[in-house]
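Please read the structure below before turning to the comments.
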Amino acid sequence: MTVPAHRTRDRPTLARDADVHAWEDPRTEQERLDFWARAAGLLDWETPFSTTHSWTPPSARQERGPTIEWFTEGTLNASVNCVDRHVDAGDGDRVALHFEGEPGDRRDVTYAQLQREVSKAANALTELGVGRGDRVVIYLPVLVETVVITLACARIGAVHSLVFGGFSAEALRFRVADTDAKLLVTTDGQFRRGTAVPVKGNADDAVAGLTTAEGGSVEHVLVINRTGSEVAWTSGRDVWWHDVVDTASEHHEPESFAAENELFIMYTSGTTGKPKGLVHTTGGYLTAALWTYLRLFAHPDPAQRDADVHWCTADLAWVTAHTYEIYGPLAAGATQVIFEGTPNTPHPGRHFEIIQRHGVTTYYTAPTLVRSLMGWFPEGVPAEYDLSSIRLLGTVGEAVNPEAWSWLRGQLGRDTTDEQGRPAAPMVDTWWQSESGATVLSPRPEDAEFKPGCASRAMPGVAVDIVDDAGDPVAPGAQGNIVLTRTGPAMARTVWGDPRRYYTSYWKDYVEHGWFLAGDGARRDADGDIWILGRIDDVINISGHRLSTIEIESALVSHPDVVEAGVCPVPDDKTGHAAIAFTVLSAEARNRTETSEEADRELRRALRERVATVIGPVAKPRTVIPVPDVPKTRSGKIMRRLLTQLHEGTALGDTTSLQNEPCVPLIDTICRDLGTASTSVSSQPSIKETS
């Protein structure tokens with residue numbers, strides 16, 4: 001095919017001026033390839049690519065996923081595309097980041113300042129012995145430095161892996177070991193809910209005693225002085241950011257890398273318990289991140305984009321932030337807000353203050369936060385907050401319930417109404433995954449009508465279907481499995497260190513079709529619009545965080561009082577889903593808790609805290625329910641869907657495959673005695689009481 005001319009670094013690309021809203025959706029496969037080649041032309045390429053896309057289908061015989069390549073022979077630098085080219089184009093004085101710290105400190109960083117900071121960090125990484133292909137684990141809260149070190153890794157060709165600052169030392173340790181990381185970046189502490197929370201100790205615990213065979217390759221721990229907390233110090237290994245980054249040269253000459261060069265590893269939970277390290281590469285990922293950001297969030301009129309102020313509220317460690325808080329907006333030369341803290345510190349209106357102060361135009365957040373805001377402001381957002389700058393609203397992370405969707409549109413979008421005075425702010429209810437790297441389904445901002453809670457249809461350049469287990473399309477209204485029949489260039493290429501798992505997790509079920517199994521159930525309505533119905537595997541989506549049931553069960557079983565555990569998802573008004581833990585206790589623990597209510601309460605509390613320690617507070621079960629046994633198939637697999645049905649009191653599915661069917665009526669009695677067996681979450685006050 002003929003590849004469009006590409007702008008290279010001596011001809012700065014003004015991607016933010018691209019009128020992508022006028023691009024036609026591709027219909028044929030050739031049009032799809034031409035479409036993505038055109039999108040790649042929004043980037044600066046050091047060397048033009050020769051082939052837009054190549055694909056080797058997955059193989060059942062070899063048990064491998066597809067070989068995916070985009071923009072073959074093209075070379076580029078992601079950091080240059082996110083920073084340098086905007087400075088070269090004369091936009092160095094444009095604000096890139098409005099930083100808001102939880103204690104109230106603020107900092108505006110221009111693109112010229114960001115270029116200097118990223119260059120210094122890149123030089124510091126090189127001095128610390130980090131080079132192309134080395135892995136860097138970044139264990140930081142939302143700080144300017146987090147963006148800086150991420151882009152510095154991209155600048156020198158190192159592979160970064162960001163870890164949520166609320167994760168435990170054990171969760172961090174796994175990621176450090178699995179990536180065989182050479183450098184760990186952390187901070188002395190982070191501000192959380194008004195207090196300085198220690199962080200460096202977790203980092204120390206994560207690397208302590210790691211042997212070379214276990215991934216013990218960390219040579220340095222780079223520490224940011226954020227809270228002034230006292231920290232333990234390992235001489236020769238630990239280095240302060242202000243000693244090695246702040247003192248480095250502001251000049252750094254970047255090199256270009258192949259489009260398929262690894263950019264980052266994003267960990268996501270899977271049904272086997274062990275998190276999967278999804279590998280994303282540079283050229284394809286950056287192309288999709290930039291194009292989808294421009295299409296969904298940038299003002300339709302390029303002449304008015306100078307007024308855009310974007311705010312994606314996700315933690316920087318999540319893929320949402322990678323795409324729509326780091327690489328997408330920065331590649332577009334946009335101005336955005338990043339916020340360190342919790343949304344109700346020091347008061348529940350903190351987000352509204354920030355929107356007002358910076359004139360935020362696009363607000364992209366999780367349904368969990370929307371439900372929290374609904375609870376904090378039952379009468380609506382107070383009129384004292386000026387939210388008139390809001391032009392567009394979006395949700396991400398899980399399917400949003402219609403009530404939260406309508407509240408967000410009516411309250412934060414209250415200044416945008418139709419002729420009848422009804423809420424009319426555009427809503428992009430996006431559906432995508434860590435695996436896809438960029439949005440797959442979403443309404444368009446210019447749509448005339450929006451359906452609350454509906455992900456609508458596929459974005460241009462990708463294609464989906466809803467099928468049964470045999471791969472046949474399901475009828476409108478029927479639930480099926482959503483599959484990607486045409487993936488975009490941001491698609492994860494493999495699972496780090498475990499390519500076979502890439503096949504078994506995503507491609508095995510529909511290998512003959514060459515389809516990617518997303519793992520969510522979905523249905524089409526009579527209009528052909530798509531509604532996402534939640535996970536079909538054993539992963540719980542809590543506040544947008546995908547957590548493995550087996551990972552939580554493993555944490556529970558690590559407690560000496562627990563013999564076995566089964567964890568299942570149940571609906572939750574605020575978090576979308578909550579984890580419920582059914583535990584089989586040891587004989588000693590059973591005797592102790594059955595004779596003492598205090599001992600029972602203490603054990604439940606201890607088990608919830610065990611999960612928080614091993615995985616992180618977000619994974620903590622909403623409640624713990626001791627049971628005599630958990631339902632298992634003859635092959636030994638716990639039937640978690642039965643646990644959900646028993647907890648909710650809904651009709652049970654097939655139980656004929658159980659090896660221990662007599663436990664089912666016993667669990668049913670326990671749930672009914674506790675008062676959980678109701679289809680209404682709001683009618684379950686005893687759940688929290690038993691916690």
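If you're wondering about the labels, chains in the structure tokens are A, B, ... by order shown, residues count from 1 in each chain, ligands from 1 in order shown.
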Write down as a VMD selection string the residues belonging to region 186-301 of chain A that are assigned strand (DSSP E) by DSSP computed on the backbone.
chain A and resid 186 to 187 189 to 192 195 to 198 220 to 224 238 to 240 257 to 258 262 to 268 276 to 281
Just asking: which residues within region 159-248 of chain A are alpha helix (DSSP H) according to DSSP, as an MDAnalysis selection string?
chainID A and resid 169:179 200:207 241:244
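As for CA of Ala579 (chain A) and CA of Ala171 (chain A), they are spaced 18.2 Å apart.
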So that I can check the surroundings of Glu102 (chain A), please list as number ranges by chain every protein, DNA and RNA residue that reaches within 8 Å of it, counting only C-alpha atoms and ignoring chain neighbours fewer than 5 positions away.
A: 191-194, 339-342, 345
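Each of A:Met374, A:Ala522, A:Ile149, A:Leu114 was checked against Arg85 (chain A) using only C-alpha atoms; the smallest atom-to-atom distance is that of A:Leu114.
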Neighbour list for region 466-477 of chain A as a ChimeraX atom specification, cut-off 12 Å, only C-alpha atoms, skip fewer than 2 positions in-chain:
/A:457-458,463-464,479-485,508-533,536
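The two atoms in question, CA of Glu325 (chain A) and CA of Arg175 (chain A), are spaced 22.3 Å apart.
Between CA of Trp431 (chain A) and CA of Pro141 (chain A) lies a distance of 24.8 Å.
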Compile the contact shell of Val381 (chain A) as a list in words: residues with an atom at most 9 Å away, counting only C-alpha atoms, same-chain residues fewer than 5 positions apart removed.
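After dropping sequence-adjacent residues, the list is Gly349, Phe352, Leu373, Met374, Gln411 and Leu412 of chain A.
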